[in-house]
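Participant: Starting off with a structure, shown below.
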Amino acid sequence: MKKTLKLALAAAVAATAAIGASAQDFPAKDKPITIIVPFAAGGPTDRVARDLADAMRKPLGGASIVIDNTAGAGSSIGAAKAARAPADGYTLLLNHVAMATMPTLYRKLPFNVANDFEYLGIVNDVPMTLIARPSMPANNVKELLAWISQNKGKINLGNASQGSASHLCGLMFKHALATDMTDVPYKGTAPAITDLIGGQIDLLCDQTTNTTSQIEAKKVKAYAVTTTKRLTTPALKDLPTLAESGVKDFNVTIWHGLYAPKGTPAPVLAKLNEALKVALKDPEFIKKQEGLGAVVATDARIEPAEHKKFVASETAKFGVAIKAAGAYAD
Ligand code: ASP
C-alpha cells in the first residue's frame, strides 16, 4: 500500500474513533447544548423550548441547555442556522408546523427540510385561538364576522411572518371568509400580542401556549378555538370552535418537533431521542403544557422515522391548502 494511502486510511480511522468516543461521552459536562428557537423570546415556540430544555436536562446527565432565539422569515433563518451547525448534537432546532409550510410558502429556501435535518421526535400538538385587540367592539364570533365584513380593507392581522403558524392560521381564516386583510408580520407572536394589546393591530391567531394567560387576564378578546372540538383547559373551555361558529370545516392544530443537523452521529441521536422521551413523560412538563392547552405527544411520532413521515404528510396537507389560498413568499 502506498504511504500516502496508508496515512489517509489511518487519519480516517482516527477520525471515526474520535467521533465514536465523543458520541459515547455525549453530552460533555463542559459543553452546553444549544436549542435554536426560530422565533422571538417570550412567545409560544420559545416557551415550549424552555420547558422542554428543563425536562431534558436531567436525562442528559445534568447537561447545560441554552436557548438561542434566531428569529425571522417564518423560522427559515433559525432553521438554516441549525442546518449549517456542526453535526455533533450540541446544536438542535425546536420548530413547529413551519417545517411543513415553508417548502410550499417559500419559492427559495436555503435548506431542504427532508434532507438537511435529523428528526428526533414530535413534542406536542397545540391548538390555536382567534383573538382581538381589547377594544374590538364584537362580543362573539357572529359579531366579529359581521365587523369583519363591515370593515373590509381596513383590518390588520398580525402574524409571525410568512410560514409561521399564525400566518398559516390567518391565511386559512381569510380564505374561509373570502376576505382580504392586511398581514402585519413580526419576528414572533410575543411582539405581535404586545401590539394587539396596545391596539396597533386588530386580530391575531396564535397558539394557546401564548394566548391562554392573556385570555385569562382579559388582556385580549378571545373568540374561538381553531380545532374541531372545544378544549377542556379551564381558561379556554367556553370558547366555541370556528367550525361550529359558521366558518365551515375550519381546523388548524399545530405541533412542535425537535431536530438536529443532518449527519449527527447515530449514538448521539439515540441519546437525544431517549432524553426527549423521558421529558415527554415528565409530570411537570405535562402539567405545564396541559395548563396551556397543549397535548404532549405520546404516539409513534416521538420516534424519528414516524416524525419524519408525519412532517412529510403535513407538508402535503398544508401544501394543498396554501396553494388553494394562493400565498407565496420569495
Ligand atoms: N406563534 C408564532 C407563530 O405564529 C411563533 C412564535 O412566536 O413562537 O408561528
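Chain labels run A, B, ... following the order of the C-alpha cells; each chain numbers its residues from 1, and ligands are numbered from 1 in the order shown.
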Using only C-alpha atoms and all ligand atoms, determine which residues fall within 6 Å of ligand 1, then list them as a VMD selection string.

Facilitator: chain A and resid 39 to 40 43 to 46 159 to 160 164 to 166 188 to 190 206 to 207

Participant: Sort by chain and increasing residue number a table of all residues of region 215-327 of chain A within 9 Å of region 112-127 of chain A, each with its closest pair of atoms and their distance in Å to one decimal, counting only C-alpha atoms, and write it as CSV.

Facilitator:
```
residue,atom,partner,partner_atom,distance
A:Val225,CA,A:Pro127,CA,7.0
A:Thr226,CA,A:Pro127,CA,6.4
A:Thr227,CA,A:Pro127,CA,6.1
A:Leu231,CA,A:Pro127,CA,8.5
A:Val252,CA,A:Pro127,CA,7.0
A:Thr253,CA,A:Pro127,CA,4.7
A:Ile254,CA,A:Val126,CA,5.1
A:Trp255,CA,A:Asp125,CA,4.2
A:His256,CA,A:Val123,CA,5.4
A:Gly257,CA,A:Ile122,CA,4.2
A:Leu258,CA,A:Leu120,CA,5.3
A:Tyr259,CA,A:Tyr119,CA,4.8
A:Ala260,CA,A:Glu118,CA,5.0
A:Pro261,CA,A:Phe117,CA,4.7
A:Lys262,CA,A:Phe117,CA,4.3
A:Gly263,CA,A:Glu118,CA,7.3
A:Thr264,CA,A:Glu118,CA,7.3
A:Leu269,CA,A:Leu120,CA,7.1
A:Ala270,CA,A:Leu120,CA,8.5
A:Leu272,CA,A:Leu120,CA,7.3
A:Asn273,CA,A:Leu120,CA,5.5
A:Leu276,CA,A:Gly121,CA,7.6
A:Lys277,CA,A:Gly121,CA,8.4
A:Leu280,CA,A:Val123,CA,7.0
A:Gln289,CA,A:Asn124,CA,8.4
A:Leu292,CA,A:Val126,CA,8.8
A:Gly293,CA,A:Val126,CA,6.8
A:Ala294,CA,A:Val126,CA,4.6
A:Val295,CA,A:Asp125,CA,5.2
A:Val296,CA,A:Asn124,CA,4.2
A:Ala297,CA,A:Asn124,CA,4.7
A:Thr298,CA,A:Asn124,CA,8.5
A:Asp299,CA,A:Ile122,CA,9.0
A:Ala300,CA,A:Gly121,CA,8.9
A:Arg301,CA,A:Ile122,CA,5.6
A:Ile302,CA,A:Gly121,CA,4.1
A:Glu303,CA,A:Gly121,CA,5.2
A:Pro304,CA,A:Leu120,CA,4.8
A:Ala305,CA,A:Tyr119,CA,7.3
A:Glu306,CA,A:Gly121,CA,7.8
A:His307,CA,A:Gly121,CA,5.3
A:Lys308,CA,A:Tyr119,CA,6.1
A:Phe310,CA,A:Ile122,CA,9.0
A:Val311,CA,A:Ala114,CA,8.6
A:Ala312,CA,A:Ala114,CA,7.7
```

Participant: Residues near Gly319 (chain A), anyone? I mean within 7 Å using only C-alpha atoms, not counting same-chain ones fewer than 4 positions away, as an mmCIF file with N, CA, C and O atoms, in the first residue's frame.

Facilitator:
```cif
data_model
loop_
_atom_site.group_PDB
_atom_site.id
_atom_site.type_symbol
_atom_site.label_atom_id
_atom_site.label_comp_id
_atom_site.auth_asym_id
_atom_site.auth_seq_id
_atom_site.Cartn_x
_atom_site.Cartn_y
_atom_site.Cartn_z
ATOM 1 N N THR A 101 -44.799 24.012 6.317
ATOM 2 C CA THR A 101 -45.386 25.053 5.460
ATOM 3 C C THR A 101 -44.310 25.773 4.628
ATOM 4 O O THR A 101 -44.592 26.202 3.513
ATOM 5 N N THR A 104 -43.695 24.966 0.849
ATOM 6 C CA THR A 104 -44.674 25.461 -0.132
ATOM 7 C C THR A 104 -44.667 26.984 -0.178
ATOM 8 O O THR A 104 -44.760 27.575 -1.253
ATOM 9 N N THR A 315 -46.751 18.366 5.206
ATOM 10 C CA THR A 315 -46.291 19.219 4.097
ATOM 11 C C THR A 315 -47.261 19.075 2.922
ATOM 12 O O THR A 315 -47.665 20.066 2.299
ATOM 13 N N LYS A 323 -51.658 26.399 -1.439
ATOM 14 C CA LYS A 323 -51.789 26.683 -2.878
ATOM 15 C C LYS A 323 -53.208 27.165 -3.193
ATOM 16 O O LYS A 323 -53.390 28.089 -3.976
#
```

Participant: For CA of Val184 (chain A) and CA of Thr228 (chain A), quote the distance in Å rounded to one decimal.

Facilitator: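 According to the coordinates, CA of Val184 (chain A) and CA of Thr228 (chain A) are separated by 26.6 Å.
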
Participant: Quick one: of A:Pro234, A:Gly163, A:Pro137, A:Gly72, who's nearest to Asp202 (chain A), counting only C-alpha atoms?

Facilitator: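 Ranked by minimum distance to Asp202 (chain A), first place goes to A:Pro137.
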
Participant: If you count only C-alpha atoms, which residues fall within 9 Å of Thr211 (chain A), apart from same-chain ones fewer than 3 positions away, as an MDAnalysis selection string?

Facilitator: chainID A and resid 44 128:129 131 193 206:208 214:216 220 222 292

Participant: Taking only C-alpha atoms into account, which of A:Ala28, A:Leu177, A:Val320, A:Ala71 comes nearest Asp88 (chain A)?

Facilitator: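 Using only C-alpha atoms, the shortest distance to Asp88 (chain A) belongs to A:Ala28.
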
Participant: Identify all residues of region 123-215 of chain A in alpha helix (DSSP H) (DSSP on the backbone) and supply them as a PyMOL selection string.

Facilitator: chain A and resi 141-150+165-177+189-197+208-215

Participant: Show me, as a tab-separated table, the residues of region 217-309 of chain A having an atom within 7 Å of region 55-70 of chain A, each with the closest atom pair and its distance in Å, using only C-alpha atoms.

Facilitator:
```
residue	atom	partner	partner_atom	distance
A:Ala275	CA	A:Pro59	CA	5.1
A:Leu276	CA	A:Met56	CA	6.2
A:Val278	CA	A:Pro59	CA	6.8
A:Ala279	CA	A:Ala55	CA	4.8
A:Asp282	CA	A:Ala55	CA	6.7
A:Phe285	CA	A:Ala55	CA	6.4
```

Participant: Step one, run DSSP on the backbone; step two, keep only residues of region 71-223 of chain A assigned to strand (DSSP E or B); then write them as a count of residues only.

Facilitator: 38
